[in-house]
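Novice: Sharing a structure with you now.
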Amino acid sequence: MRKTKMSFSTTEPRAGDKLSAAVVTVSDSCARGEREDASGPAVAQVLNKLHFQVVAREVVADDLVKIQNLLIRLAREVRFIATTGGTGIAPRDVTPEATVAVCDRLVDGVAERMRSEGTKKTPFAALSRGVCGVRGRALILNLPGSPAGAVESLEAVAGLLPHAMELLSGKTEHAGSSTAALGRRFPSPAPWSRRRMP
Amino acid sequence: MRKTKMSFSTTEPRAGDKLSAAVVTVSDSCARGEREDASGPAVAQVLNKLHFQVVAREVVADDLVKIQNLLIRLAREVRFIATTGGTGIAPRDVTPEATVAVCDRLVDGVAERMRSEGTKKTPFAALSRGVCGVRGRALILNLPGSPAGAVESLEAVAGLLPHAMELLSGKTEHAGSSTAALGRRFPSPAPWSRRRMP
Amino acid sequence: MRKTKMSFSTTEPRAGDKLSAAVVTVSDSCARGEREDASGPAVAQVLNKLHFQVVAREVVADDLVKIQNLLIRLAREVRFIATTGGTGIAPRDVTPEATVAVCDRLVDGVAERMRSEGTKKTPFAALSRGVCGVRGRALILNLPGSPAGAVESLEAVAGLLPHAMELLSGKTEHAGSSTAALGRRFPSPAPWSRRRMP
């Protein structure tokens, strides 16, 4: 297992309260039971090392609506969702579309970083269309489908995740206004937040 | 003050006619007077060194509509608007959404460059959702909220600004058609230009 | 002519069946016959070296609808379309908008890579708004307008093109489901695929 590339430690335990996470494998063949899921377990292993608590592991077909429904449910249950698979440009690759559809907002820089780091390994990383977005207080991250690609992409941004999740909790300079929101679920996003260009 | 990273000079005076600029601090606590605005003055200082003439300094709350209205007004008055703050992923961070809403078109490469340069300082630069866009002949640039982050992000793209503004003025190979447009204000953007995907 | 920057060879012949390509020069002055098109031939020359077969060369004005109509027609005829010109931020630059409008999905990483490679030559590469997208089984790539910029941007991503086109053909792990689709034309994209944020 490669070391995380970031210069700061990402492996400090989070004082007893691990962040909950779910791993979603998006694959027609895995969903039909024709192929064993290698990427999901690999991603879960990395998350456990990063002191996340992986509380859900799911396999879903390359189906836009099924992926959306799964992400919507999981975003109510965990703070971080990593998907693996379906990020390419083949006709059946719809994981980014499903993710964009359920996210309140996207964090383009995280996807950019996965690709720029990935390009050091293979130029084909540029073809990954994976996105990173926020739904309520959950962060959703699309990883490529291959076990190596998924693990490397996750490790490329792993150092950002704890800080990102703190920000989503409202632990920021905006605390005065957003701690009030911590006790309740976020309402469904305002119309403007669902689209990139109005 | 760090040197601008670009290899060409960005500090040549613009022959008597400085480009007008506005600096907008987006912050709930500054707008309420609970905190002193450190980023706005820091950004203004850099712009003055770059031979912009900062003709407006504004402070606005993290409020989507208030930010939009302010940007719309300033885009009629100045050629360049730098915002600082509200670019993160906390629930109250809406500066990118407000900017996208009022821009005719986005210039993704400028935001990418701010993040890729920023990542050399801190990996958390990837979490900045700041955008760069065009409204009429004004360029709008979202900078992070911290004074250091705002100044470094601005300096990372400072060398592009004069050229970008020349292009917006129609000083290009398209001159034949667009110099005619220089004397009038740009009409409100056509519907297609307001959205990324139709 | 510079060497392609990628570490793997991109010049291996494709076993007899070259991929068909079209080159579109987007320029008011070229369309009016006031200027000779230097970029189109330069791009075509690189594509021929890459063992594409350039079967169409077109010149079109910086006109949103004309560009869209041309791309729609060419996407039925060839597997790869390279445009040159109209990617800047001047008011008449609308090639990215036209491309986005006709594409089923965008491949952001390809545009990011053109810009990040281009920045090594000139910081102004960040101002190029060129996109890369998919329409049916055709890949569309926006290159800058200058001959040098167009050639360098194309070479920066040339190594990705054959693999990208294989993926678009359904030669992937999804083969089971998508080879069935190979014999027919892709239907018009579903509504969700036309937009980035629903």
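Chain lettering (A, B, ...) mirrors the order of the structure tokens, residue numbering begins at 1 for each chain separately, and ligand numbering begins at 1 in order of display.
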List the spatial neighbours of Thr95 in chain B as a list in words - criterion: any atom at most 6 Å away, only C-alpha atoms, same-chain residues fewer than 3 positions off excluded.
Specialist: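 Contacts, in chain order: Gly86, Thr87 and Ala98 of chain B.
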Novice: Set the cut-off to 7 Å and count only C-alpha atoms: what are the residues of chain A that reach chain C? Output as a ChimeraX atom specification.
Specialist: /A:89-92,97,100-101,115,124,126-129,194-196
Novice: Mind dumping the selected residues with C-alpha atoms as a PDB file, in the first residue's frame?
Specialist:
```pdb
ATOM      1  CA  ILE A  89     -16.727   7.796 -20.947  1.00  0.00           C
ATOM      2  CA  ALA A  90     -18.354   4.563 -22.059  1.00  0.00           C
ATOM      3  CA  PRO A  91     -22.089   4.838 -22.685  1.00  0.00           C
ATOM      4  CA  ARG A  92     -22.945   2.929 -19.505  1.00  0.00           C
ATOM      5  CA  GLU A  97     -24.304  12.099 -13.626  1.00  0.00           C
ATOM      6  CA  VAL A 100     -24.268  15.507  -9.723  1.00  0.00           C
ATOM      7  CA  ALA A 101     -28.016  14.929  -9.718  1.00  0.00           C
ATOM      8  CA  ARG A 115      -6.884  13.612 -11.988  1.00  0.00           C
ATOM      9  CA  PHE A 124      -5.744   7.974 -18.919  1.00  0.00           C
ATOM     10  CA  ALA A 126      -7.698  12.513 -17.587  1.00  0.00           C
ATOM     11  CA  LEU A 127     -10.602  10.439 -18.912  1.00  0.00           C
ATOM     12  CA  SER A 128     -12.068   9.884 -15.473  1.00  0.00           C
ATOM     13  CA  ARG A 129     -15.151  12.044 -15.074  1.00  0.00           C
ATOM     14  CA  ARG A 194     -28.686  22.482  -7.521  1.00  0.00           C
ATOM     15  CA  ARG A 195     -27.387  23.895 -10.714  1.00  0.00           C
ATOM     16  CA  ARG A 196     -24.093  25.221 -11.794  1.00  0.00           C
TER      17      ARG A 196
END
```
Novice: Interatomic distance between CA of Val55 in chain B and CA of Glu117 in chain B?
Specialist: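 Here the two named atoms are 28.1 Å from each other.
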Novice: Pick from C:Pro162, C:Ala138, C:Asp93, C:Thr83: nearest to Lys18 in chain C, with only C-alpha atoms counted?
Specialist: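 Going through C:Pro162, C:Ala138, C:Asp93, C:Thr83 one by one, the smallest distance to Lys18 in chain C is for C:Pro162.
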Novice: Just want the 9 Å neighbourhood of Arg79 in chain C, counted on only C-alpha atoms, with same-chain residues fewer than 3 positions away dropped. Output as JSON, numbers by chain.
Specialist: {"C": [19, 20, 21, 22, 74, 75, 76, 137, 138, 139, 140, 165]}
Novice: Just list the residues in range 10-122 of chain A DSSP gives strand (DSSP E or B) on the backbone, as a ChimeraX atom specification.
Specialist: /A:19-26,52-60,80-84,105-106
Novice: Take the residues that were just selected and, keeping C-alpha atoms, output them as a PDB file, in the first residue's frame.
Specialist:
```
ATOM      1  CA  LEU A  19     -16.496   9.386  10.818  1.00  0.00           C
ATOM      2  CA  SER A  20     -19.036   7.028   9.296  1.00  0.00           C
ATOM      3  CA  ALA A  21     -18.533   6.035   5.681  1.00  0.00           C
ATOM      4  CA  ALA A  22     -20.147   3.954   2.953  1.00  0.00           C
ATOM      5  CA  VAL A  23     -18.529   2.313  -0.061  1.00  0.00           C
ATOM      6  CA  VAL A  24     -20.571   1.865  -3.223  1.00  0.00           C
ATOM      7  CA  THR A  25     -19.358  -0.346  -6.057  1.00  0.00           C
ATOM      8  CA  VAL A  26     -20.998   0.646  -9.335  1.00  0.00           C
ATOM      9  CA  PHE A  52     -13.285   6.075   9.064  1.00  0.00           C
ATOM     10  CA  GLN A  53     -15.840   3.527  10.160  1.00  0.00           C
ATOM     11  CA  VAL A  54     -17.222   1.827   7.060  1.00  0.00           C
ATOM     12  CA  VAL A  55     -20.775   1.026   8.082  1.00  0.00           C
ATOM     13  CA  ALA A  56     -22.194   0.154   4.643  1.00  0.00           C
ATOM     14  CA  ARG A  57     -20.913  -1.648   1.558  1.00  0.00           C
ATOM     15  CA  GLU A  58     -23.204  -1.680  -1.460  1.00  0.00           C
ATOM     16  CA  VAL A  59     -23.075  -2.954  -5.043  1.00  0.00           C
ATOM     17  CA  VAL A  60     -25.290  -1.334  -7.647  1.00  0.00           C
ATOM     18  CA  PHE A  80     -18.743  10.131   3.600  1.00  0.00           C
ATOM     19  CA  ILE A  81     -19.633   8.062   0.545  1.00  0.00           C
ATOM     20  CA  ALA A  82     -16.991   6.705  -1.806  1.00  0.00           C
ATOM     21  CA  THR A  83     -18.193   5.225  -5.077  1.00  0.00           C
ATOM     22  CA  THR A  84     -15.989   3.128  -7.340  1.00  0.00           C
ATOM     23  CA  ARG A 105     -22.924  21.579  -4.754  1.00  0.00           C
ATOM     24  CA  LEU A 106     -19.757  20.289  -6.355  1.00  0.00           C
TER      25      LEU A 106
END
```
Novice: So, with only C-alpha atoms as the atoms that count, which of A:Ala61, A:Met114, A:Ala150, A:Val46 lies closest to Glu34 in chain A?
Specialist: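 So, comparing all the options, the nearest one is A:Ala61.
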